[in-house]
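Asks: One structure follows; several queries about it will come next.
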Amino acid sequence: MKATNKKLSTESYKGVRDFYPEDQFIQKYIFEHMARICELFGYEEYNASVLEPAELFRGKTSEEIVNEQTYTFTDRGEREVTLRPEMTPTLARMVAARAREIPLPARWYTIANVFRYERPQRGRLREHWQLNADIVGVEGTEADAEVIAVAHGVMRSLGADERNFEIRVSDRRILDSVYAELDMEPEKHAEVTRLLDRRAKHEDFEGTLTKLVGEKKARELMDRIDRTTSTAYLEELRVALEHLGVRNMIVDTKITRGFDYYTGMVFEVFDTDTANRRSLFGGGRYDNLLSLFGTAKIPAVGFAMGDVTARDFLETHNLMPSYAPATELMIAIIEEDAKGHAMKLAQDLRREDVTVSVNFSGKRVGDQIRYADKMKIPFVIAVGAKERESGRYTVKNLSSGAEISLPADRIAEHLFSSLG
RNA sequence: GUGGCCGUAGCUCAACAGUAGAGUUCCUGGUUGUGGUCCAGGCGGUUGCGGGUGCAAGUCCCGCCGGUCACCCCA
């Protein structure tokens, strides 16, 4: 590397985050709950590279995302490469590649980082991590309900009460049948759908719709959508969800979701807190995506939940876990002669599954304990001549100040019972 | 990508266009086998970067970078 006089900036790249230990702790907490709930529902973990051939996303995700909001570059072999902006096309590709050997239905989940090149703001960054849980190979309300129940389960597992969020559900087929009745040109479907998706926020929703499909059709379209308050299918789904203990589902035909590939049930989870009343995440059914890879039709349904909005949700509702380091015990060394003894004690305890760091700073015991306290390490043992000769150690609990004298082979047991 | 607001010590923030400060953190000592409290002292800044106007710029103007809010889009 060439030496320069200019100091390197410590700033991270625009729109991405550094995860310091306290941040990573939160991240891990969220991921562990996501993974645990998926596994409780029988989902298996998968993963893939962040790099994908650019064509995987063309014409599937949504035009604007692919054209203007992806990290796409040409590699040294003239291949167009994209950093995945979402996970569903990758999942579809993987299942389609082995469609003949994968036992269906496949219940798969992953917690993966995805990238979008756009202007960052709160709750929307250039890189975020999301849980993707999908069930591939079955149609029907049971699978739709199961996926929603997984999303619901993750929220509950993170400490949310059913009053803290609501699950708004609709069905793309409502729009499809309205489009068919009105004899609308197929190429306008996606555009109208996306317009409907932002109906509440759009400043000139009706004007734009009229420009798009004409005044008569715009009026009829809105009339029919507003009259549709639910469908037989959605009511069936509601019953299935009640069997799964999900009681905060509401039918909201204004939910459409932005992706083009949805074909049936779509849902979106909303924060009900007035300070944060917004969409947290969602998902839906995509029965035609897999056939793009030349397989027979394989139906699928899933959802994706991002870590940024999950974290904001936890903050809003005071559900953040308090930080605890991985290290359970620090061994302080009092005098040079005790160093070897301390190292050996540490290794013995590690063999018993205690996470232990040895402080070989040579500083005074008081400073060593101050260090442990700042690190939030819960226990300290100081090793000096006394311990070396007697084989008994004083285990100090830093939060209570309590001390207990124990032989080496009783230490691990004591720590585990104290830590719960 | 468009528009608004913001950027001063590691962090939270002061400073009328006129000597860059406080609290906290950090380091040292009071205290050579036990932390949190207290006391004393110390380190810490080209005021995000670059240009302009002024006798004089943290302060006013322009550009860039970053953050944030609203659009766009969506997680």
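We label chains A, B, ... in the order they appear in the structure tokens, count residues from 1 in each chain, and number ligands from 1 in the order shown.
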Would you mind listing what lies within 8 Å of Val383 of chain A as a PyMOL selection string, with only C-alpha atoms (C1' of nucleotides) counted and same-chain residues fewer than 6 positions away left out?

Replies: chain A and resi 331-335+338+341-342+393

Asks: Just to be explicit: take each residue in the selection above, keep N, CA and C atoms, and write the result as a compact mmCIF listing (two decimals), in the first residue's frame.

Replies:
```
# COMPACT_ATOMS: atom_id res chain seq x y z
N ILE A 331 -10.21 -13.20 34.95
CA ILE A 331 -9.24 -13.55 35.98
C ILE A 331 -8.22 -12.42 36.07
N ALA A 332 -8.14 -11.82 37.25
CA ALA A 332 -7.16 -10.77 37.50
C ALA A 332 -5.89 -11.40 38.05
N ILE A 333 -4.75 -10.92 37.59
CA ILE A 333 -3.48 -11.45 38.08
C ILE A 333 -2.87 -10.42 39.04
N ILE A 334 -2.57 -10.87 40.25
CA ILE A 334 -2.10 -9.93 41.26
C ILE A 334 -0.60 -9.76 41.22
N GLU A 335 0.12 -10.85 41.04
CA GLU A 335 1.57 -10.72 40.95
C GLU A 335 2.12 -11.59 39.82
N ALA A 338 2.04 -15.37 39.63
CA ALA A 338 0.77 -16.09 39.56
C ALA A 338 0.27 -16.26 38.12
N HIS A 341 -0.23 -19.81 36.81
CA HIS A 341 -1.32 -20.45 37.53
C HIS A 341 -2.67 -19.95 37.01
N ALA A 342 -2.74 -18.65 36.74
CA ALA A 342 -3.98 -18.04 36.23
C ALA A 342 -4.34 -18.58 34.85
N TYR A 393 -10.38 -20.14 45.54
CA TYR A 393 -10.48 -18.87 44.82
C TYR A 393 -11.70 -18.09 45.29
```

Asks: Compile a residue-level contact table for chain B against chain A at a cut-off of 7 Å, reporting for every qualifying residue the shortest atom pair and its distance in Å to one decimal, with only C-alpha atoms (C1' of nucleotides) counted, rows ordered by chain and ascending number, as a tab-separated table.

Replies:
```
residue	atom	partner	partner_atom	distance
B:G33	C1'	A:Ile334	CA	6.8
B:U34	C1'	A:Gly366	CA	5.4
B:G35	C1'	A:Arg370	CA	4.5
B:U68	C1'	A:Gln121	CA	6.6
B:A75	C1'	A:Gly306	CA	5.4
```

Asks: For C60 of chain B, list every protein, DNA or RNA residue within 10 Å, evaluated using only C-alpha atoms (C1' of nucleotides), and leave out those in the same chain fewer than 5 positions away; present the list as a PyMOL selection string.

Replies: chain B and resi 17+53-54

Asks: Could you state the separation of atom CA of Arg198 of chain A and atom C1' of G1 of chain B in Å, given to one decimal place?

Replies: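 We find that atom CA of Arg198 of chain A and atom C1' of G1 of chain B lie 18.7 Å from each other.
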
Asks: Where does DSSP see strand (DSSP E or B) in segment 137-237 of chain A, if you list the residues as a PyMOL selection string?

Replies: chain A and resi 165-171
